[in-house]
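For reference, the structure discussed in these notes is given below.
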Amino acid sequence: MKYVITLLFLFVSLSSLYSCTSNSKQRNDSASIQNQGELISIKRFDQDLYRYLQSPSSLQQDSLIGLYGKFMEAFGTVTINNSDISAASYFSDLKGYFSNPMLSQIYKDALDTFSVVLPYEKELSVADELIRKYFAGKQLPTLGMHVSGFKANTIVLADFISISSDRYLGTDYSGYKDFFEDYQRQQMKPEMISRDYLKAWILTEIPISNKRKDLLAEIINEGKILYTLQLLLPNWGEAALIGYTSEQLDWSKNKEKEIWKVTVDQNYLFTTDYMTILKYLEEAPYTATISTDSPGRLGAWIGWQIVKAYAANTGASLDSIIKESDMQNILKQSKYNP
């Protein structure tokens with residue numbers, strides 16, 4: 001079984017990735033979802049592990065392994081660099097890791113912040129209905145929640161996606177100030193977990209190519225993610241979807257023509273240079289190839305505009321847009337020219 005560990009604040013081909021195998025592969029009324037008995041339930045590994053840490057026993061260890069075996073392998077890799085859940089050292093290492101006073105307080109704060117997750121479960125249930133509408137035969141896998149100590153934001157298995165809730169405690173959370181910059185904290189808010197569960201799932205649906213990618217391919221892949229999120233979270237504004245402030249979104253719209261002109265005139269569009277691509281797509285205070293006044297990740301924003309134009313001009317279904325691998329064809333048929 002495959003699992004990946006990824007920081008969703010980075011774009012897909014440059015994300016931190018771990019795999020245990022070489023191969024593997026408009027909002028509806030939420031009340032109607034509940035009436036159909038399809039309300040998503042987030043599995044609370046964070047709560048179950050915390051109960052064990054407060055009162056460890058071999059019985060609880062067996063229970064955790066029975067409930068979360070494969071996930072615990074990935075979780076151990078992230079937190080304690082130990083994936084052998086059958087080894088005596090595994091749980092000993094976990095207890096040692098979470099005994100740190102600062103991490104212990106962060107854990108408590110995360111449990112308090114997410115003591116109730118029903119609003120997110122309702123939002124994700126609506127999104128899951130839309131997934132079934134747009135992607136025949138598809139639906140969200142089981143969703144979970146963990147605390148990693150500011151490590152991997154998301155852990156993805158073939159049938160399980162878990163969010164590290166301690167990375168969503170609020171922009172002004174005191175524990176973040178020594179570890180994260182202002183531009184990073186901008187998205188570290190509780191309401192972002194629904195978006196990031198969905199983003200993690202979307203990443204598993206985008207075909208992976210071994211071909212070396214250029215900037216165009218990378219920004220269109222990012223555009224596909226944002227366009228899909230826009231359809232699955234129709235009540236969300238564009239700024240929240242991409243993680244911008246309203247001022248940053250306005251700047252991007254007002255400078256769209258200039259952004260595109262620089263990208264084309266400087267011959268960046270088809271570059272495969274890693275550092276150039278990184279500057280366009282990484283979380284940063286600004287996009288270094290464009291302007292120090294700009295927001296970060298302008299490549300993702302431009303890719304989003306291209307994909308929206310492509311969808312509007314071709315009438316292509318969301319599923320076919322995700323599967324389309326000819327990025328130059330997407331650009332050509334989008335007729336994108338701000």
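Note on naming: chains are A, B, ... as they come in the structure tokens, residues start from 1 per chain, ligands start from 1 in the order shown.
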- Task: Just list the residues in segment 45-257 of chain A DSSP gives alpha helix (DSSP H) on the backbone, as a ChimeraX atom specification.
- Result: /A:45-54,58-79,88-98,101-113,118-134,182-185,192-205,215-232,238-242,246-254,256-257
Near segment 248-270 of chain A, 10 Å: segment 145-225 of chain A residue rows, closest pairs, only C-alpha atoms, as a tab-separated table:
residue	atom	partner	partner_atom	distance
A:Lys213	CA	A:Phe270	CA	8.6
A:Asp214	CA	A:Phe270	CA	5.1
A:Leu215	CA	A:Leu269	CA	5.4
A:Leu216	CA	A:Leu269	CA	5.4
A:Ala217	CA	A:Phe270	CA	8.4
A:Glu218	CA	A:Leu269	CA	9.8
A:Ile219	CA	A:Leu269	CA	9.3
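Nearest-residue note for Asn235 of chain A: choosing from A:Gln61, A:Ser165, A:Arg185, A:Arg195, the minimum distance belongs to A:Arg195, counting only C-alpha atoms.
For segment 118-127 of chain A, the list of residues within 6 Å, based on only C-alpha atoms and with local chain neighbours fewer than 5 positions off taken out, reads Leu39, Ile40 and Leu232 of chain A.
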- Note on the structure: Students should find that atom CA of Asn337 of chain A and atom CA of Ser325 of chain A are spaced 21.0 Å
